[in-house]
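Undergrad: Please see the structure below; I have some questions.
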Amino acid sequence: MNPTLNVVHIGKCGGSTVRLAISQSVFLAAKFDKVEFTHISQVKYSQHQKYLIVIRNPVDRAISAFNWRYHLVVETEQQKERFEGEWHILKKYSTLNAISERLYTVDSDSLNQDVSREFKVIHHLREDISFYLTDMLDQLRPSQVYGIIKQHSIASDCNLLLGPNVNIQHEKRHGDNVPPLKKELSELARRNLRRYLHKDFVCILKLYNLGLMSWNDFELLTR
């Protein structure tokens with residue numbers, strides 16, 4: 001009997017593209033009796049499962065997440081009422097740069113608790129990389145990881161892990177397809193964001209220390 005594959009689809013890392021590729025993968029179907037997905041929930045670790053993790057540089061992921069939510073909640077109002085308070089916060093700041101610059105106080109360089117609470121109201125920023133992986137990584141064995149698909153090398157990773165005949169169709173999500181100014185971060189904002197997302201970077205370091213990625217991939221994921 002083949003094991004179950006749990007695909008950890010961390011939001012705004014290219015998971016929708018990966019899901020489509022998996023649905024076409026005869027190669028994967030031959031290796032696993034069942035494929036299930038973990039998305040918008042913490043991973044429920046099982047020693048009997050294999051894991052495929054879809055991941056991205058934490059800062060790049062945050063930029064994409066903010067802009068995607070801004071599009072759905074403010075610009076189109078498709079999800080204006082989905083999460084209480086999200087529309088107000090996105091409207092208040094309008095860019096990730098604006099909220100990130102305020103994450104730490106200027107006078108004492110301590111976390112601004114009010115801004116932190118606002119940051120965590122925003123969907124996909126609340127469910128960051130550490131939300132998915134922290135508990136699992138305390139128990140995970142390297143042999144349980146089928147592979148890691150990185151957003152920066154999604155095509156080659158999919159071809160390697162899902163089979164060479166899989167057709168990779170990149171979904172052009174609005175979170176990445178925005179004007180350059182919507183993606184821009186000041187030096188202060190980037191520094192604050194890296195500090196605020198330190199648990200995400202710790203997760204990536206743990207994956208590297210388990211021997212699950214190359215040094216080059218580690219550098220791209222943590223730059």
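All residue names refer to the structure tokens as shown: chains lettered A, B, ... in order, residues numbered from 1 in each chain, ligands numbered from 1 in order.
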Kindly assemble as JSON lines a list of the region 130-167 of chain A residues that lie within 10 Å of region 25-48 of chain A, each paired with its nearest atom pair and their distance in Å to one decimal, using only C-alpha atoms, sorted first by chain and then by ascending residue number.

TA:
```
{"residue": "A:Ser130", "atom": "CA", "partner": "A:Gln42", "partner_atom": "CA", "distance": 9.1}
{"residue": "A:Phe131", "atom": "CA", "partner": "A:Gln42", "partner_atom": "CA", "distance": 6.1}
{"residue": "A:Tyr132", "atom": "CA", "partner": "A:Gln42", "partner_atom": "CA", "distance": 4.5}
{"residue": "A:Leu133", "atom": "CA", "partner": "A:Val43", "partner_atom": "CA", "distance": 6.7}
{"residue": "A:Thr134", "atom": "CA", "partner": "A:Gln42", "partner_atom": "CA", "distance": 8.7}
{"residue": "A:Asp135", "atom": "CA", "partner": "A:Val43", "partner_atom": "CA", "distance": 7.7}
{"residue": "A:Met136", "atom": "CA", "partner": "A:Tyr45", "partner_atom": "CA", "distance": 5.6}
{"residue": "A:Leu137", "atom": "CA", "partner": "A:Tyr45", "partner_atom": "CA", "distance": 8.9}
{"residue": "A:Asp138", "atom": "CA", "partner": "A:Tyr45", "partner_atom": "CA", "distance": 9.7}
{"residue": "A:Gln139", "atom": "CA", "partner": "A:Tyr45", "partner_atom": "CA", "distance": 7.7}
{"residue": "A:Leu140", "atom": "CA", "partner": "A:Tyr45", "partner_atom": "CA", "distance": 7.8}
{"residue": "A:Arg141", "atom": "CA", "partner": "A:Gln47", "partner_atom": "CA", "distance": 8.4}
{"residue": "A:Gln144", "atom": "CA", "partner": "A:Gln47", "partner_atom": "CA", "distance": 7.7}
{"residue": "A:Cys158", "atom": "CA", "partner": "A:Ser25", "partner_atom": "CA", "distance": 9.7}
{"residue": "A:Asn159", "atom": "CA", "partner": "A:Ser25", "partner_atom": "CA", "distance": 9.8}
{"residue": "A:Leu161", "atom": "CA", "partner": "A:Leu28", "partner_atom": "CA", "distance": 7.8}
{"residue": "A:Leu162", "atom": "CA", "partner": "A:Leu28", "partner_atom": "CA", "distance": 5.6}
{"residue": "A:Gly163", "atom": "CA", "partner": "A:Phe27", "partner_atom": "CA", "distance": 5.4}
{"residue": "A:Pro164", "atom": "CA", "partner": "A:Phe27", "partner_atom": "CA", "distance": 8.7}
{"residue": "A:Asn165", "atom": "CA", "partner": "A:Ser25", "partner_atom": "CA", "distance": 7.9}
{"residue": "A:Val166", "atom": "CA", "partner": "A:Ser25", "partner_atom": "CA", "distance": 6.1}
{"residue": "A:Asn167", "atom": "CA", "partner": "A:Ser25", "partner_atom": "CA", "distance": 9.1}
```

Undergrad: Can you list every residue of region 114-164 of chain A that has an atom at most 12 Å from region 85-106 of chain A, with its nearest atom pair and the distance in Å to one decimal, using only C-alpha atoms, ordered by chain then number, as JSON lines?

TA:
```
{"residue": "A:Asp114", "atom": "CA", "partner": "A:Leu103", "partner_atom": "CA", "distance": 8.6}
{"residue": "A:Val115", "atom": "CA", "partner": "A:Leu103", "partner_atom": "CA", "distance": 5.7}
{"residue": "A:Ser116", "atom": "CA", "partner": "A:Leu103", "partner_atom": "CA", "distance": 6.2}
{"residue": "A:Arg117", "atom": "CA", "partner": "A:Leu103", "partner_atom": "CA", "distance": 9.8}
{"residue": "A:Glu118", "atom": "CA", "partner": "A:Ile89", "partner_atom": "CA", "distance": 6.5}
{"residue": "A:Phe119", "atom": "CA", "partner": "A:Ile99", "partner_atom": "CA", "distance": 7.4}
{"residue": "A:Lys120", "atom": "CA", "partner": "A:Glu86", "partner_atom": "CA", "distance": 9.3}
{"residue": "A:Val121", "atom": "CA", "partner": "A:Glu86", "partner_atom": "CA", "distance": 5.9}
{"residue": "A:Ile122", "atom": "CA", "partner": "A:Glu86", "partner_atom": "CA", "distance": 5.6}
{"residue": "A:His123", "atom": "CA", "partner": "A:Glu86", "partner_atom": "CA", "distance": 7.9}
{"residue": "A:His124", "atom": "CA", "partner": "A:Glu86", "partner_atom": "CA", "distance": 11.4}
{"residue": "A:Leu125", "atom": "CA", "partner": "A:Leu96", "partner_atom": "CA", "distance": 10.4}
{"residue": "A:Arg126", "atom": "CA", "partner": "A:Glu86", "partner_atom": "CA", "distance": 11.1}
```

Undergrad: Could you write those residues out with C-alpha atoms, as an mmCIF file, in the first residue's frame?

TA:
```
data_model
loop_
_atom_site.group_PDB
_atom_site.id
_atom_site.type_symbol
_atom_site.label_atom_id
_atom_site.label_comp_id
_atom_site.auth_asym_id
_atom_site.auth_seq_id
_atom_site.Cartn_x
_atom_site.Cartn_y
_atom_site.Cartn_z
ATOM 1 C CA ASP A 114 -2.109 47.968 17.679
ATOM 2 C CA VAL A 115 -0.572 47.756 14.204
ATOM 3 C CA SER A 116 0.363 44.115 14.777
ATOM 4 C CA ARG A 117 -3.264 43.299 15.577
ATOM 5 C CA GLU A 118 -4.354 45.118 12.402
ATOM 6 C CA PHE A 119 -1.760 43.229 10.345
ATOM 7 C CA LYS A 120 -3.128 39.903 11.565
ATOM 8 C CA VAL A 121 -6.698 40.773 10.567
ATOM 9 C CA ILE A 122 -5.632 40.561 6.901
ATOM 10 C CA HIS A 123 -6.232 37.116 5.421
ATOM 11 C CA HIS A 124 -3.061 35.263 4.332
ATOM 12 C CA LEU A 125 -0.950 37.642 6.411
ATOM 13 C CA ARG A 126 -2.563 36.153 9.494
#
```

Undergrad: As a PyMOL selection string, please: every residue in region 97-135 of chain A that DSSP puts in alpha helix (DSSP H).

TA: chain A and resi 97-100+113-119+129-135

Undergrad: Dump all heavy atoms for the selected residues as a compact mmCIF listing (two decimals), in the first residue's frame?

TA:
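This went into selection.txt:
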```
# COMPACT_ATOMS: atom_id res chain seq x y z
N ASN A 97 3.64 48.55 2.32
CA ASN A 97 4.69 49.44 2.80
C ASN A 97 4.20 50.30 3.97
O ASN A 97 4.89 50.45 4.98
CB ASN A 97 5.18 50.33 1.66
CG ASN A 97 6.38 51.18 2.06
OD1 ASN A 97 7.50 50.69 2.11
ND2 ASN A 97 6.15 52.45 2.35
N ALA A 98 3.01 50.84 3.84
CA ALA A 98 2.48 51.75 4.85
C ALA A 98 2.28 51.06 6.19
O ALA A 98 2.65 51.62 7.25
CB ALA A 98 1.17 52.36 4.37
N ILE A 99 1.72 49.88 6.20
CA ILE A 99 1.50 49.19 7.46
C ILE A 99 2.80 48.64 8.03
O ILE A 99 3.02 48.63 9.24
CB ILE A 99 0.43 48.08 7.32
CG1 ILE A 99 0.00 47.57 8.71
CG2 ILE A 99 0.89 46.94 6.44
CD1 ILE A 99 -1.21 46.64 8.68
N SER A 100 3.71 48.21 7.14
CA SER A 100 4.98 47.64 7.61
C SER A 100 5.86 48.69 8.27
O SER A 100 6.58 48.41 9.22
CB SER A 100 5.73 46.98 6.44
OG SER A 100 5.00 45.90 5.92
N GLN A 113 1.78 47.14 19.13
CA GLN A 113 0.78 46.09 19.31
C GLN A 113 -0.50 46.37 18.52
O GLN A 113 -1.13 45.44 17.99
CB GLN A 113 0.45 45.91 20.80
CG GLN A 113 1.62 45.46 21.65
CD GLN A 113 2.06 44.04 21.33
OE1 GLN A 113 1.32 43.26 20.73
NE2 GLN A 113 3.27 43.68 21.76
N ASP A 114 -0.89 47.63 18.42
CA ASP A 114 -2.11 47.97 17.68
C ASP A 114 -1.95 47.65 16.19
O ASP A 114 -2.85 47.07 15.56
CB ASP A 114 -2.45 49.45 17.86
CG ASP A 114 -2.91 49.78 19.27
OD1 ASP A 114 -3.38 48.86 19.96
OD2 ASP A 114 -2.78 50.94 19.67
N VAL A 115 -0.81 48.03 15.62
CA VAL A 115 -0.57 47.76 14.20
C VAL A 115 -0.41 46.26 13.97
O VAL A 115 -0.88 45.72 12.96
CB VAL A 115 0.67 48.53 13.70
CG1 VAL A 115 0.95 48.20 12.24
CG2 VAL A 115 0.46 50.03 13.87
N SER A 116 0.22 45.57 14.90
CA SER A 116 0.36 44.12 14.78
C SER A 116 -1.00 43.43 14.74
O SER A 116 -1.22 42.51 13.94
CB SER A 116 1.19 43.57 15.95
OG SER A 116 1.30 42.16 15.88
N ARG A 117 -1.91 43.88 15.58
CA ARG A 117 -3.26 43.30 15.58
C ARG A 117 -3.96 43.59 14.24
O ARG A 117 -4.67 42.72 13.71
CB ARG A 117 -4.08 43.86 16.75
CG ARG A 117 -3.77 43.19 18.08
CD ARG A 117 -4.78 43.60 19.14
NE ARG A 117 -4.59 44.99 19.55
CZ ARG A 117 -3.79 45.37 20.54
NH1 ARG A 117 -3.09 44.48 21.21
NH2 ARG A 117 -3.69 46.64 20.87
N GLU A 118 -3.77 44.79 13.70
CA GLU A 118 -4.35 45.12 12.40
C GLU A 118 -3.76 44.23 11.30
O GLU A 118 -4.48 43.73 10.43
CB GLU A 118 -4.11 46.59 12.09
CG GLU A 118 -4.89 47.55 12.96
CD GLU A 118 -4.59 49.00 12.65
OE1 GLU A 118 -3.40 49.33 12.45
OE2 GLU A 118 -5.52 49.82 12.63
N PHE A 119 -2.45 44.06 11.33
CA PHE A 119 -1.76 43.23 10.34
C PHE A 119 -2.36 41.83 10.31
O PHE A 119 -2.59 41.25 9.24
CB PHE A 119 -0.28 43.17 10.72
CG PHE A 119 0.63 42.57 9.67
CD1 PHE A 119 1.29 43.38 8.75
CD2 PHE A 119 0.85 41.20 9.62
CE1 PHE A 119 2.15 42.84 7.81
CE2 PHE A 119 1.70 40.64 8.67
CZ PHE A 119 2.35 41.46 7.76
N ILE A 129 3.71 31.62 7.04
CA ILE A 129 4.40 30.35 6.87
C ILE A 129 4.51 29.59 8.19
O ILE A 129 4.28 28.38 8.26
CB ILE A 129 5.79 30.57 6.24
CG1 ILE A 129 5.64 31.05 4.78
CG2 ILE A 129 6.63 29.30 6.27
CD1 ILE A 129 6.93 31.53 4.14
N SER A 130 4.83 30.31 9.25
CA SER A 130 4.98 29.66 10.55
C SER A 130 3.65 29.10 11.05
O SER A 130 3.62 28.09 11.77
CB SER A 130 5.57 30.63 11.58
OG SER A 130 4.67 31.67 11.87
N PHE A 131 2.54 29.73 10.69
CA PHE A 131 1.21 29.22 11.05
C PHE A 131 1.04 27.79 10.56
O PHE A 131 0.52 26.92 11.27
CB PHE A 131 0.15 30.13 10.45
CG PHE A 131 -1.25 29.58 10.46
CD1 PHE A 131 -2.04 29.68 11.59
CD2 PHE A 131 -1.78 28.96 9.33
CE1 PHE A 131 -3.34 29.17 11.60
CE2 PHE A 131 -3.07 28.44 9.33
CZ PHE A 131 -3.85 28.55 10.47
N TYR A 132 1.49 27.53 9.35
CA TYR A 132 1.35 26.19 8.77
C TYR A 132 2.38 25.20 9.32
O TYR A 132 2.05 24.05 9.59
CB TYR A 132 1.54 26.26 7.24
CG TYR A 132 0.43 26.90 6.47
CD1 TYR A 132 0.42 28.27 6.26
CD2 TYR A 132 -0.60 26.14 5.92
CE1 TYR A 132 -0.60 28.87 5.53
CE2 TYR A 132 -1.61 26.73 5.19
CZ TYR A 132 -1.62 28.11 4.99
OH TYR A 132 -2.61 28.70 4.27
N LEU A 133 3.63 25.63 9.46
CA LEU A 133 4.74 24.69 9.58
C LEU A 133 5.34 24.52 10.97
O LEU A 133 5.96 23.49 11.24
CB LEU A 133 5.87 25.10 8.63
CG LEU A 133 5.56 25.09 7.13
CD1 LEU A 133 6.83 25.44 6.35
CD2 LEU A 133 5.02 23.74 6.68
N THR A 134 5.20 25.49 11.86
CA THR A 134 5.96 25.46 13.11
C THR A 134 5.76 24.18 13.90
O THR A 134 6.72 23.50 14.28
CB THR A 134 5.62 26.69 13.98
OG1 THR A 134 6.09 27.87 13.32
CG2 THR A 134 6.30 26.59 15.34
N ASP A 135 4.52 23.81 14.17
CA ASP A 135 4.25 22.62 14.97
C ASP A 135 4.72 21.35 14.25
O ASP A 135 5.29 20.45 14.87
CB ASP A 135 2.76 22.51 15.30
CG ASP A 135 2.31 23.59 16.28
OD1 ASP A 135 3.18 24.24 16.90
OD2 ASP A 135 1.09 23.79 16.42
```

Undergrad: Restricting the calculation to only C-alpha atoms, which member of A:Asn209, A:Thr17, A:Asn67, A:Thr222 is positioned closest to Ile154 (chain A)?

TA: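 Of A:Asn209, A:Thr17, A:Asn67, A:Thr222, the one nearest Ile154 (chain A), counting only C-alpha atoms, is A:Thr17.
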
Undergrad: Within 6 Å of Lys50 (chain A), counting only C-alpha atoms, which residues qualify if same-chain residues fewer than 2 places away don't, as a PyMOL selection string?

TA: chain A and resi 5+144-146

Undergrad: Please save N, CA, C and O atoms of the selected residues as a PDB file, in the first residue's frame.

TA:
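Ended up saving to result30.pdb:
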```pdb
ATOM      1  N   LEU A   5      -0.144  11.381   0.490  1.00  0.00           N
ATOM      2  CA  LEU A   5       0.647  12.596   0.334  1.00  0.00           C
ATOM      3  C   LEU A   5      -0.176  13.782   0.819  1.00  0.00           C
ATOM      4  O   LEU A   5      -1.281  14.019   0.349  1.00  0.00           O
ATOM      5  N   GLN A 144      10.161  11.909   5.537  1.00  0.00           N
ATOM      6  CA  GLN A 144       8.723  12.086   5.301  1.00  0.00           C
ATOM      7  C   GLN A 144       8.435  13.146   4.244  1.00  0.00           C
ATOM      8  O   GLN A 144       7.291  13.274   3.808  1.00  0.00           O
ATOM      9  N   VAL A 145       9.442  13.917   3.869  1.00  0.00           N
ATOM     10  CA  VAL A 145       9.217  15.010   2.922  1.00  0.00           C
ATOM     11  C   VAL A 145       9.447  14.509   1.507  1.00  0.00           C
ATOM     12  O   VAL A 145      10.577  14.183   1.128  1.00  0.00           O
ATOM     13  N   TYR A 146       8.367  14.437   0.743  1.00  0.00           N
ATOM     14  CA  TYR A 146       8.474  14.032  -0.658  1.00  0.00           C
ATOM     15  C   TYR A 146       9.227  15.094  -1.459  1.00  0.00           C
ATOM     16  O   TYR A 146      10.016  14.782  -2.354  1.00  0.00           O
TER      17      TYR A 146
END
```

Undergrad: Which residues in region 43-161 of chain A does DSSP call strand (DSSP E or B)? List them as number ranges by chain.

TA: A: 49-55, 104, 111, 145-150

Undergrad: For CA of His71 (chain A) and CA of Pro180 (chain A), determine how far apart the two atoms are, in Å to one decimal place.

TA: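 Distance reported for this atom pair: 14.9 Å.
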
Undergrad: Ile63 (chain A): which residues within 9 Å, counting only C-alpha atoms, same-chain residues fewer than 5 positions away excluded, as a list in words?

TA: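 Listed by chain and then number, they are Pro58, Trp68, Thr95, Leu96, Asn97, Gly175, Asp176, Lys182, Lys183, Glu184 and Leu185 of chain A.
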
Undergrad: When you count only C-alpha atoms, which of these residues is closest to Arg195 (chain A): A:Ser110, A:Gln24, A:Asn6, A:Gln78?

TA: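 Residue with the minimum atom-to-atom distance to Arg195 (chain A): A:Ser110.
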
Undergrad: How far is it from CA of Asp60 (chain A) to CA of Asp107 (chain A), in Å with one decimal?

TA: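 About the pair CA of Asp60 (chain A) and CA of Asp107 (chain A): they are 27.8 Å apart.
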
Undergrad: Name the closest residue to Asn177 (chain A) among the candidates A:Leu111, A:Ala65, A:Asp200, A:Asp128; distances are taken between atoms, counting only C-alpha atoms.

TA: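 For Asn177 (chain A), the nearest of the candidates is A:Ala65.
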
Undergrad: Excluding Ile55 (chain A) and residues on its chain fewer than 4 positions from it, collect all residues at most 12 Å away from it, counting only C-alpha atoms, and give them as a PyMOL selection string.

TA: chain A and resi 7-15+18+59-61+128-130+132-133+147-154+157+200-201+203-204+207+213+217-218+220-222

Undergrad: Return the single residue from A:Ser156, A:Glu219, A:Pro142, A:Arg191 that is closest to Leu52 (chain A), with distances computed using only C-alpha atoms.

TA: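 The shortest atom-to-atom distance to Leu52 (chain A) comes from A:Pro142.
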
Undergrad: Pick out the closest residue to Tyr70 (chain A) from this set: A:Ala21, A:Met1, A:Leu210, A:Val178. Count only C-alpha atoms.

TA: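 Answer, going by the shortest atom-to-atom distance: A:Val178.
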